[in-house]
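Working notes, structure below.
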Amino acid sequence: MTGFGDNVTKLGQSAIPFITVANSTLGAFAFFAYLAGFTSTLGALIAGVNSQARLQFNAGREGLLPRWIGKVDATRRTPVRSIFAFVSIALAIIGVWALLHAVHGGTGALNPITFFDESSTMGTVSGPGRIPALQPGPAVLLP
Amino acid sequence: MANIGPAMSFFFGFGLIATTAGLASPLTIVAAAVAIALLGNTLAQFSRVQPSTGGFITFVGKTFGGTSAVATALIAAIGYIVAMAAVIAISGGFLSIILNHYLHWNIPWGILTPILTALAVLMMIRGIAVSTKLAGLFFGFEMTVLIVVSVAVLIKNGGHLSLAPLEPSHISHGLTGLAAGFPLAIYLFIGWEKRTRR
């Protein structure tokens, strides 16, 4: 908020507010903010899938979900099936979301920040007909 | 803590919170932190009595029986997969943004995301020790950068600091704005519950 002079409109126009502030405050050193965002995402990806897949592995082991999810790899003793199932379904969700956007809304909104916004509330707060998801500005336009 | 991904949550979540709750949107994060702390205390008490990898699924099962446990397991499974799908998407998405910004390479995030995910899965299959160590290292780096940038911004704007972002009267549409921003603020903390599992 301080970095945007308490101007919510300006903040709302920035796809990634922290990066915008880092660019204006640190100049070339803002690279470290980009790097931190990337390592944070990778860290959350690794730790999150590890943790959440184990939750389902445990549910499979206890018979609450199909038991095949609760099996571990014979050599490495890691819950491989649970991890594969988790990641495959997640990728499928992204694929279906992209397909639905392409069919109904065009590919203009087909960027991961829109997906992040919409999936975080399952489309109840941000999404078609509601608060629009943040759109990346020219500096972060996605191919 | 790496599971929460403070930098990632803040980078990609705060903009929408601010748009939803307005100038005093930091208050929605304070409200979410209080709610998380209360729930965390409850789960910690359960965990003390019934240590389990299953976390709240096991607690619900032990308290309300098998049907409730299955329902909780299904809801938790779907919820976590959707939540992690966002992280998976943004991993390739942000790398695409970085490559475009610094090198002017236009590599679609739809290509980068599966590659990064496959690498992460390979690491997870190798074992939790390796992947946890790397996630911990990433966490240390992101926290350092978050603090340095925040302090730099505060120093640079020292003359314009105000308490307006912490005044309830500045939340858009009062309680409605707070209620709309609250689930988004809770989303910033996803991963905290891992600390209550054993």
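Chain labels run A, B, ... following the order of the structure tokens; each chain numbers its residues from 1, and ligands are numbered from 1 in the order shown.
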Which polymer residues have any atom within 10 Å of an atom of range 80-83 of chain B, counting only C-alpha atoms, with same-chain residues fewer than 4 positions away left out, as a PDB file with N, CA and C atoms, in the first residue's frame?
```pdb
ATOM      1  N   GLY A  48       4.272 -28.264  -1.077  1.00  0.00           N
ATOM      2  CA  GLY A  48       2.826 -28.440  -1.102  1.00  0.00           C
ATOM      3  C   GLY A  48       2.409 -29.802  -1.628  1.00  0.00           C
ATOM      4  N   VAL A  49       2.959 -30.189  -2.771  1.00  0.00           N
ATOM      5  CA  VAL A  49       2.584 -31.489  -3.342  1.00  0.00           C
ATOM      6  C   VAL A  49       3.057 -32.616  -2.418  1.00  0.00           C
ATOM      7  N   SER A  51       3.392 -32.551   0.790  1.00  0.00           N
ATOM      8  CA  SER A  51       2.555 -32.595   1.984  1.00  0.00           C
ATOM      9  C   SER A  51       1.135 -33.060   1.669  1.00  0.00           C
ATOM     10  N   GLN A  52       0.524 -32.424   0.674  1.00  0.00           N
ATOM     11  CA  GLN A  52      -0.879 -32.723   0.384  1.00  0.00           C
ATOM     12  C   GLN A  52      -1.054 -34.121  -0.214  1.00  0.00           C
ATOM     13  N   ALA A  53      -0.077 -34.549  -1.009  1.00  0.00           N
ATOM     14  CA  ALA A  53      -0.170 -35.904  -1.569  1.00  0.00           C
ATOM     15  C   ALA A  53      -0.063 -36.939  -0.442  1.00  0.00           C
ATOM     16  N   LEU A  55      -1.211 -36.513   2.529  1.00  0.00           N
ATOM     17  CA  LEU A  55      -2.520 -36.507   3.198  1.00  0.00           C
ATOM     18  C   LEU A  55      -3.436 -37.520   2.510  1.00  0.00           C
ATOM     19  N   GLN A  56      -3.401 -37.501   1.172  1.00  0.00           N
ATOM     20  CA  GLN A  56      -4.246 -38.439   0.434  1.00  0.00           C
ATOM     21  C   GLN A  56      -3.702 -39.867   0.506  1.00  0.00           C
ATOM     22  N   ALA A  85      -1.097 -39.197  -8.941  1.00  0.00           N
ATOM     23  CA  ALA A  85      -2.536 -38.935  -9.039  1.00  0.00           C
ATOM     24  C   ALA A  85      -2.805 -37.453  -8.776  1.00  0.00           C
ATOM     25  N   PHE A  86      -2.159 -36.938  -7.733  1.00  0.00           N
ATOM     26  CA  PHE A  86      -2.352 -35.539  -7.333  1.00  0.00           C
ATOM     27  C   PHE A  86      -1.975 -34.587  -8.474  1.00  0.00           C
ATOM     28  N   VAL A  87      -0.770 -34.777  -8.999  1.00  0.00           N
ATOM     29  CA  VAL A  87      -0.261 -33.869 -10.039  1.00  0.00           C
ATOM     30  C   VAL A  87      -1.054 -34.024 -11.344  1.00  0.00           C
ATOM     31  N   SER A  88      -1.418 -35.263 -11.683  1.00  0.00           N
ATOM     32  CA  SER A  88      -2.162 -35.479 -12.932  1.00  0.00           C
ATOM     33  C   SER A  88      -3.511 -34.781 -12.893  1.00  0.00           C
ATOM     34  N   ILE A  89      -4.214 -34.918 -11.755  1.00  0.00           N
ATOM     35  CA  ILE A  89      -5.537 -34.276 -11.656  1.00  0.00           C
ATOM     36  C   ILE A  89      -5.378 -32.753 -11.683  1.00  0.00           C
ATOM     37  N   ALA A  90      -4.339 -32.257 -11.001  1.00  0.00           N
ATOM     38  CA  ALA A  90      -4.110 -30.794 -10.989  1.00  0.00           C
ATOM     39  C   ALA A  90      -3.862 -30.273 -12.401  1.00  0.00           C
ATOM     40  N   LEU A  91      -3.025 -30.984 -13.161  1.00  0.00           N
ATOM     41  CA  LEU A  91      -2.755 -30.556 -14.543  1.00  0.00           C
ATOM     42  C   LEU A  91      -4.013 -30.645 -15.398  1.00  0.00           C
ATOM     43  N   ILE A  93      -7.048 -30.217 -14.328  1.00  0.00           N
ATOM     44  CA  ILE A  93      -7.907 -29.074 -13.954  1.00  0.00           C
ATOM     45  C   ILE A  93      -7.468 -27.821 -14.720  1.00  0.00           C
ATOM     46  N   ILE A  94      -6.147 -27.610 -14.786  1.00  0.00           N
ATOM     47  CA  ILE A  94      -5.631 -26.448 -15.525  1.00  0.00           C
ATOM     48  C   ILE A  94      -6.043 -26.555 -16.999  1.00  0.00           C
ATOM     49  N   PHE A 116      -4.817 -18.318 -11.074  1.00  0.00           N
ATOM     50  CA  PHE A 116      -4.512 -18.241  -9.639  1.00  0.00           C
ATOM     51  C   PHE A 116      -5.655 -17.523  -8.915  1.00  0.00           C
ATOM     52  N   SER A 119      -9.043 -19.706  -9.262  1.00  0.00           N
ATOM     53  CA  SER A 119      -9.059 -20.976  -8.536  1.00  0.00           C
ATOM     54  C   SER A 119      -8.977 -20.758  -7.027  1.00  0.00           C
ATOM     55  N   SER A 120      -8.382 -19.625  -6.609  1.00  0.00           N
ATOM     56  CA  SER A 120      -8.242 -19.401  -5.166  1.00  0.00           C
ATOM     57  C   SER A 120      -9.597 -19.253  -4.494  1.00  0.00           C
ATOM     58  N   THR A 121     -10.608 -18.851  -5.245  1.00  0.00           N
ATOM     59  CA  THR A 121     -11.947 -18.751  -4.642  1.00  0.00           C
ATOM     60  C   THR A 121     -12.953 -19.582  -5.427  1.00  0.00           C
ATOM     61  N   MET A 122     -12.451 -20.511  -6.214  1.00  0.00           N
ATOM     62  CA  MET A 122     -13.293 -21.367  -7.050  1.00  0.00           C
ATOM     63  C   MET A 122     -14.275 -20.530  -7.887  1.00  0.00           C
TER      64      MET A 122
ATOM     65  N   LEU B  74     -12.483 -36.587   0.882  1.00  0.00           N
ATOM     66  CA  LEU B  74     -12.807 -36.213  -0.505  1.00  0.00           C
ATOM     67  C   LEU B  74     -12.750 -34.699  -0.696  1.00  0.00           C
ATOM     68  N   ILE B  75     -13.353 -33.969   0.253  1.00  0.00           N
ATOM     69  CA  ILE B  75     -13.380 -32.503   0.138  1.00  0.00           C
ATOM     70  C   ILE B  75     -11.952 -31.955   0.220  1.00  0.00           C
ATOM     71  N   ALA B  76     -11.174 -32.498   1.179  1.00  0.00           N
ATOM     72  CA  ALA B  76      -9.787 -32.026   1.337  1.00  0.00           C
ATOM     73  C   ALA B  76      -8.969 -32.349   0.091  1.00  0.00           C
ATOM     74  N   VAL B  87      -0.704 -23.232  -7.879  1.00  0.00           N
ATOM     75  CA  VAL B  87       0.754 -23.118  -7.697  1.00  0.00           C
ATOM     76  C   VAL B  87       1.482 -23.710  -8.901  1.00  0.00           C
ATOM     77  N   ILE B  88       0.977 -24.854  -9.363  1.00  0.00           N
ATOM     78  CA  ILE B  88       1.593 -25.503 -10.525  1.00  0.00           C
ATOM     79  C   ILE B  88       1.530 -24.575 -11.741  1.00  0.00           C
ATOM     80  N   TYR B 187      -6.378 -17.703   1.909  1.00  0.00           N
ATOM     81  CA  TYR B 187      -5.649 -18.430   0.860  1.00  0.00           C
ATOM     82  C   TYR B 187      -4.147 -18.158   0.938  1.00  0.00           C
ATOM     83  N   ILE B 190      -2.442 -20.847   3.137  1.00  0.00           N
ATOM     84  CA  ILE B 190      -2.598 -22.292   2.891  1.00  0.00           C
ATOM     85  C   ILE B 190      -1.244 -22.981   2.966  1.00  0.00           C
ATOM     86  N   GLY B 191      -1.215 -24.057   3.730  1.00  0.00           N
ATOM     87  CA  GLY B 191       0.037 -24.772   3.969  1.00  0.00           C
ATOM     88  C   GLY B 191       0.402 -24.722   5.443  1.00  0.00           C
TER      89      GLY B 191
END
```
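Counting from CA of Ile46 in chain A, the distance to CA of Ala31 in chain B is 28.0 Å.
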Show me, as a list in words, the residues that have an atom within 6 Å of range 179-183 of chain B when counting only C-alpha atoms, minus same-chain residues fewer than 3 positions from it.
Ile17, Thr20, Ala21, Thr28, Leu175, Thr176 and Ile186 of chain B
Using the selection just defined, write its residues with C-alpha atoms as a PDB file, in the first residue's frame.
```
ATOM      1  CA  ILE B  17      -7.378  -8.735  -2.025  1.00  0.00           C
ATOM      2  CA  THR B  20     -11.761  -6.563  -3.270  1.00  0.00           C
ATOM      3  CA  ALA B  21     -11.349  -5.014   0.182  1.00  0.00           C
ATOM      4  CA  THR B  28      -8.419  -8.749   6.046  1.00  0.00           C
ATOM      5  CA  LEU B 175     -18.267  -5.825   6.303  1.00  0.00           C
ATOM      6  CA  THR B 176     -19.148  -6.924   2.757  1.00  0.00           C
ATOM      7  CA  ILE B 186      -6.992 -17.126   4.172  1.00  0.00           C
TER       8      ILE B 186
END
```
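Omitting Leu116 in chain B and its sequence neighbours fewer than 5 positions away, and counting only C-alpha atoms, the residues within 12 Å are Phe38, Thr39, Thr41, Leu42, Gly43, Leu45, Ile46, Val87 and Leu91 of chain A; Val87, Ile88, Ala89, Ile90, Ser91, Gly92, Gly93, Phe94, Leu95, Ser96, Trp109, Gly110, Ile111, Val121, Leu122 and Met123 of chain B.
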Selected residues written out, N, CA and C atoms, as a PDB file, in the first residue's frame:
```pdb
ATOM      1  N   PHE A  38      10.069 -16.670  -7.898  1.00  0.00           N
ATOM      2  CA  PHE A  38      10.217 -17.953  -8.588  1.00  0.00           C
ATOM      3  C   PHE A  38      10.604 -19.079  -7.620  1.00  0.00           C
ATOM      4  N   THR A  39      11.592 -18.795  -6.768  1.00  0.00           N
ATOM      5  CA  THR A  39      12.007 -19.845  -5.810  1.00  0.00           C
ATOM      6  C   THR A  39      10.883 -20.132  -4.820  1.00  0.00           C
ATOM      7  N   THR A  41       7.683 -19.970  -5.472  1.00  0.00           N
ATOM      8  CA  THR A  41       6.698 -20.797  -6.177  1.00  0.00           C
ATOM      9  C   THR A  41       7.173 -22.246  -6.255  1.00  0.00           C
ATOM     10  N   LEU A  42       8.465 -22.410  -6.575  1.00  0.00           N
ATOM     11  CA  LEU A  42       8.992 -23.772  -6.651  1.00  0.00           C
ATOM     12  C   LEU A  42       8.984 -24.443  -5.275  1.00  0.00           C
ATOM     13  N   GLY A  43       9.359 -23.673  -4.249  1.00  0.00           N
ATOM     14  CA  GLY A  43       9.361 -24.204  -2.879  1.00  0.00           C
ATOM     15  C   GLY A  43       7.959 -24.627  -2.469  1.00  0.00           C
ATOM     16  N   LEU A  45       5.540 -25.391  -4.478  1.00  0.00           N
ATOM     17  CA  LEU A  45       5.157 -26.527  -5.330  1.00  0.00           C
ATOM     18  C   LEU A  45       5.684 -27.841  -4.746  1.00  0.00           C
ATOM     19  N   ILE A  46       6.977 -27.838  -4.419  1.00  0.00           N
ATOM     20  CA  ILE A  46       7.591 -29.063  -3.886  1.00  0.00           C
ATOM     21  C   ILE A  46       7.001 -29.415  -2.518  1.00  0.00           C
ATOM     22  N   VAL A  87      -0.770 -34.777  -8.999  1.00  0.00           N
ATOM     23  CA  VAL A  87      -0.261 -33.869 -10.039  1.00  0.00           C
ATOM     24  C   VAL A  87      -1.054 -34.024 -11.344  1.00  0.00           C
ATOM     25  N   LEU A  91      -3.025 -30.984 -13.161  1.00  0.00           N
ATOM     26  CA  LEU A  91      -2.755 -30.556 -14.543  1.00  0.00           C
ATOM     27  C   LEU A  91      -4.013 -30.645 -15.398  1.00  0.00           C
TER      28      LEU A  91
ATOM     29  N   VAL B  87      -0.704 -23.232  -7.879  1.00  0.00           N
ATOM     30  CA  VAL B  87       0.754 -23.118  -7.697  1.00  0.00           C
ATOM     31  C   VAL B  87       1.482 -23.710  -8.901  1.00  0.00           C
ATOM     32  N   ILE B  88       0.977 -24.854  -9.363  1.00  0.00           N
ATOM     33  CA  ILE B  88       1.593 -25.503 -10.525  1.00  0.00           C
ATOM     34  C   ILE B  88       1.530 -24.575 -11.741  1.00  0.00           C
ATOM     35  N   ALA B  89       0.363 -23.949 -11.945  1.00  0.00           N
ATOM     36  CA  ALA B  89       0.191 -23.056 -13.101  1.00  0.00           C
ATOM     37  C   ALA B  89       1.111 -21.844 -12.991  1.00  0.00           C
ATOM     38  N   ILE B  90       1.195 -21.285 -11.785  1.00  0.00           N
ATOM     39  CA  ILE B  90       1.947 -20.045 -11.627  1.00  0.00           C
ATOM     40  C   ILE B  90       3.464 -20.297 -11.695  1.00  0.00           C
ATOM     41  N   SER B  91       3.901 -21.527 -11.420  1.00  0.00           N
ATOM     42  CA  SER B  91       5.347 -21.810 -11.481  1.00  0.00           C
ATOM     43  C   SER B  91       5.860 -21.583 -12.907  1.00  0.00           C
ATOM     44  N   GLY B  92       5.181 -22.191 -13.871  1.00  0.00           N
ATOM     45  CA  GLY B  92       5.574 -21.982 -15.272  1.00  0.00           C
ATOM     46  C   GLY B  92       5.242 -20.580 -15.734  1.00  0.00           C
ATOM     47  N   GLY B  93       4.131 -20.054 -15.225  1.00  0.00           N
ATOM     48  CA  GLY B  93       3.691 -18.720 -15.615  1.00  0.00           C
ATOM     49  C   GLY B  93       4.687 -17.649 -15.215  1.00  0.00           C
ATOM     50  N   PHE B  94       5.180 -17.748 -13.993  1.00  0.00           N
ATOM     51  CA  PHE B  94       6.104 -16.709 -13.523  1.00  0.00           C
ATOM     52  C   PHE B  94       7.464 -16.848 -14.211  1.00  0.00           C
ATOM     53  N   LEU B  95       7.875 -18.093 -14.468  1.00  0.00           N
ATOM     54  CA  LEU B  95       9.141 -18.275 -15.198  1.00  0.00           C
ATOM     55  C   LEU B  95       9.018 -17.670 -16.597  1.00  0.00           C
ATOM     56  N   SER B  96       7.845 -17.850 -17.205  1.00  0.00           N
ATOM     57  CA  SER B  96       7.598 -17.266 -18.529  1.00  0.00           C
ATOM     58  C   SER B  96       7.691 -15.740 -18.469  1.00  0.00           C
ATOM     59  N   TRP B 109       3.654 -20.372 -21.094  1.00  0.00           N
ATOM     60  CA  TRP B 109       3.668 -20.988 -19.759  1.00  0.00           C
ATOM     61  C   TRP B 109       3.129 -22.408 -19.801  1.00  0.00           C
ATOM     62  N   GLY B 110       2.305 -22.695 -20.814  1.00  0.00           N
ATOM     63  CA  GLY B 110       1.761 -24.041 -20.958  1.00  0.00           C
ATOM     64  C   GLY B 110       2.835 -25.079 -21.262  1.00  0.00           C
ATOM     65  N   ILE B 111       3.998 -24.625 -21.697  1.00  0.00           N
ATOM     66  CA  ILE B 111       5.121 -25.546 -21.940  1.00  0.00           C
ATOM     67  C   ILE B 111       5.993 -25.627 -20.682  1.00  0.00           C
ATOM     68  N   VAL B 121       8.329 -33.368  -9.441  1.00  0.00           N
ATOM     69  CA  VAL B 121       7.874 -34.725  -9.114  1.00  0.00           C
ATOM     70  C   VAL B 121       9.061 -35.679  -9.010  1.00  0.00           C
ATOM     71  N   LEU B 122      10.004 -35.541  -9.940  1.00  0.00           N
ATOM     72  CA  LEU B 122      11.204 -36.392  -9.877  1.00  0.00           C
ATOM     73  C   LEU B 122      11.916 -36.229  -8.543  1.00  0.00           C
ATOM     74  N   MET B 123      12.014 -34.983  -8.101  1.00  0.00           N
ATOM     75  CA  MET B 123      12.680 -34.713  -6.825  1.00  0.00           C
ATOM     76  C   MET B 123      11.901 -35.318  -5.659  1.00  0.00           C
TER      77      MET B 123
END
```
Taking only range 9-83 of chain A into account, list the residues labelled alpha helix (DSSP H) by DSSP (computed from the backbone), as a ChimeraX atom specification.
/A:9-13,17-26,31-61,80-83
Residues near Trp105 in chain B, anyone? I mean within 10 Å using only C-alpha atoms, not counting same-chain ones fewer than 5 positions away, as a list in words.
Pro143 of chain A; Ser96, Ile97, Ile98, Leu99 and Asn100 of chain B
Please indicate the distance in Å from CA of Ile19 in chain A to CA of Phe11 in chain B, rounded to one decimal place.
7.3 Å
Report the closest atom pair, with its distance in Å rounded to one decimal, for each residue of range 6-110 of chain A that has an atom no farther than 9 Å from range 140-162 of chain B; count only C-alpha atoms, sort by chain and then rising residue number, and write it as JSON lines.
```
{"residue": "A:Asp6", "atom": "CA", "partner": "B:Ser162", "partner_atom": "CA", "distance": 8.5}
{"residue": "A:Phe18", "atom": "CA", "partner": "B:Val149", "partner_atom": "CA", "distance": 8.7}
{"residue": "A:Val21", "atom": "CA", "partner": "B:Val153", "partner_atom": "CA", "distance": 7.6}
{"residue": "A:Ala22", "atom": "CA", "partner": "B:Val149", "partner_atom": "CA", "distance": 6.4}
{"residue": "A:Thr25", "atom": "CA", "partner": "B:Val153", "partner_atom": "CA", "distance": 6.3}
{"residue": "A:Leu26", "atom": "CA", "partner": "B:Val149", "partner_atom": "CA", "distance": 7.6}
{"residue": "A:Ala30", "atom": "CA", "partner": "B:Val149", "partner_atom": "CA", "distance": 8.6}
{"residue": "A:Phe32", "atom": "CA", "partner": "B:Val145", "partner_atom": "CA", "distance": 6.9}
{"residue": "A:Ala33", "atom": "CA", "partner": "B:Val145", "partner_atom": "CA", "distance": 6.2}
{"residue": "A:Leu35", "atom": "CA", "partner": "B:Glu142", "partner_atom": "CA", "distance": 8.2}
{"residue": "A:Ala36", "atom": "CA", "partner": "B:Glu142", "partner_atom": "CA", "distance": 4.5}
{"residue": "A:Gly37", "atom": "CA", "partner": "B:Glu142", "partner_atom": "CA", "distance": 7.0}
{"residue": "A:Phe38", "atom": "CA", "partner": "B:Glu142", "partner_atom": "CA", "distance": 8.9}
{"residue": "A:Thr39", "atom": "CA", "partner": "B:Glu142", "partner_atom": "CA", "distance": 7.0}
{"residue": "A:Ser40", "atom": "CA", "partner": "B:Glu142", "partner_atom": "CA", "distance": 6.1}
```
Quick one: write out the picked residues with N, CA, C and O atoms as a PDB file, in the first residue's frame?
```pdb
ATOM      1  N   ASP A   6      -0.805   4.560  -1.184  1.00  0.00           N
ATOM      2  CA  ASP A   6      -2.163   4.252  -0.697  1.00  0.00           C
ATOM      3  C   ASP A   6      -3.219   4.377  -1.802  1.00  0.00           C
ATOM      4  O   ASP A   6      -4.392   4.625  -1.517  1.00  0.00           O
ATOM      5  N   PHE A  18       3.886  -6.388  -5.878  1.00  0.00           N
ATOM      6  CA  PHE A  18       5.187  -6.404  -5.190  1.00  0.00           C
ATOM      7  C   PHE A  18       6.333  -6.203  -6.182  1.00  0.00           C
ATOM      8  O   PHE A  18       7.308  -5.509  -5.894  1.00  0.00           O
ATOM      9  N   VAL A  21       6.481  -2.539  -7.209  1.00  0.00           N
ATOM     10  CA  VAL A  21       7.118  -1.739  -6.152  1.00  0.00           C
ATOM     11  C   VAL A  21       8.626  -2.007  -6.124  1.00  0.00           C
ATOM     12  O   VAL A  21       9.429  -1.078  -5.998  1.00  0.00           O
ATOM     13  N   ALA A  22       9.003  -3.268  -6.252  1.00  0.00           N
ATOM     14  CA  ALA A  22      10.432  -3.614  -6.233  1.00  0.00           C
ATOM     15  C   ALA A  22      11.150  -2.942  -7.406  1.00  0.00           C
ATOM     16  O   ALA A  22      12.259  -2.418  -7.251  1.00  0.00           O
ATOM     17  N   THR A  25      11.562   0.723  -6.628  1.00  0.00           N
ATOM     18  CA  THR A  25      12.380   1.015  -5.447  1.00  0.00           C
ATOM     19  C   THR A  25      13.831   0.562  -5.620  1.00  0.00           C
ATOM     20  O   THR A  25      14.762   1.282  -5.261  1.00  0.00           O
ATOM     21  N   LEU A  26      14.003  -0.618  -6.186  1.00  0.00           N
ATOM     22  CA  LEU A  26      15.350  -1.205  -6.220  1.00  0.00           C
ATOM     23  C   LEU A  26      16.033  -1.128  -7.584  1.00  0.00           C
ATOM     24  O   LEU A  26      17.211  -1.465  -7.700  1.00  0.00           O
ATOM     25  N   ALA A  30      15.839  -5.337  -8.518  1.00  0.00           N
ATOM     26  CA  ALA A  30      14.512  -5.972  -8.481  1.00  0.00           C
ATOM     27  C   ALA A  30      14.585  -7.402  -9.018  1.00  0.00           C
ATOM     28  O   ALA A  30      13.674  -8.197  -8.784  1.00  0.00           O
ATOM     29  N   PHE A  32      16.232  -9.674  -7.879  1.00  0.00           N
ATOM     30  CA  PHE A  32      16.169 -10.589  -6.735  1.00  0.00           C
ATOM     31  C   PHE A  32      14.722 -10.833  -6.293  1.00  0.00           C
ATOM     32  O   PHE A  32      14.393 -11.890  -5.768  1.00  0.00           O
ATOM     33  N   ALA A  33      13.857  -9.824  -6.497  1.00  0.00           N
ATOM     34  CA  ALA A  33      12.435 -10.001  -6.169  1.00  0.00           C
ATOM     35  C   ALA A  33      11.804 -11.016  -7.132  1.00  0.00           C
ATOM     36  O   ALA A  33      11.022 -11.870  -6.722  1.00  0.00           O
ATOM     37  N   LEU A  35      13.453 -13.364  -8.648  1.00  0.00           N
ATOM     38  CA  LEU A  35      14.037 -14.657  -8.285  1.00  0.00           C
ATOM     39  C   LEU A  35      13.352 -15.224  -7.033  1.00  0.00           C
ATOM     40  O   LEU A  35      13.063 -16.426  -6.959  1.00  0.00           O
ATOM     41  N   ALA A  36      13.083 -14.331  -6.066  1.00  0.00           N
ATOM     42  CA  ALA A  36      12.424 -14.779  -4.828  1.00  0.00           C
ATOM     43  C   ALA A  36      11.026 -15.314  -5.133  1.00  0.00           C
ATOM     44  O   ALA A  36      10.600 -16.320  -4.559  1.00  0.00           O
ATOM     45  N   GLY A  37      10.311 -14.644  -6.053  1.00  0.00           N
ATOM     46  CA  GLY A  37       8.981 -15.111  -6.429  1.00  0.00           C
ATOM     47  C   GLY A  37       9.046 -16.483  -7.069  1.00  0.00           C
ATOM     48  O   GLY A  37       8.228 -17.361  -6.794  1.00  0.00           O
ATOM     49  N   PHE A  38      10.069 -16.670  -7.898  1.00  0.00           N
ATOM     50  CA  PHE A  38      10.217 -17.953  -8.588  1.00  0.00           C
ATOM     51  C   PHE A  38      10.604 -19.079  -7.620  1.00  0.00           C
ATOM     52  O   PHE A  38      10.002 -20.159  -7.640  1.00  0.00           O
ATOM     53  N   THR A  39      11.592 -18.795  -6.768  1.00  0.00           N
ATOM     54  CA  THR A  39      12.007 -19.845  -5.810  1.00  0.00           C
ATOM     55  C   THR A  39      10.883 -20.132  -4.820  1.00  0.00           C
ATOM     56  O   THR A  39      10.702 -21.269  -4.395  1.00  0.00           O
ATOM     57  N   SER A  40      10.114 -19.086  -4.474  1.00  0.00           N
ATOM     58  CA  SER A  40       8.986 -19.280  -3.562  1.00  0.00           C
ATOM     59  C   SER A  40       7.948 -20.206  -4.189  1.00  0.00           C
ATOM     60  O   SER A  40       7.415 -21.109  -3.538  1.00  0.00           O
TER      61      SER A  40
END
```
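Remark: for chain A, the closest of the candidate residues B:Ile171, B:Ala44, B:Ala85, B:Ala32 is B:Ala85 (distances computed over only C-alpha atoms).
Compared by their closest atoms to Gly55 in chain B, and using only C-alpha atoms, the residues B:Trp192, B:Leu16, B:Ala120, B:Ser9 rank with B:Trp192 nearest.
Between CA of Gly177 in chain B and CA of Ile113 in chain A the separation is 21.6 Å.
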Excluding Gly127 in chain B and residues on its chain fewer than 3 positions from it, collect all residues at most 12 Å away from it, counting only C-alpha atoms, and give them as a VMD selection string.
(chain A and resid 46 to 47 50 72 to 73 75 to 80 83) or (chain B and resid 120 to 124 130 to 134)
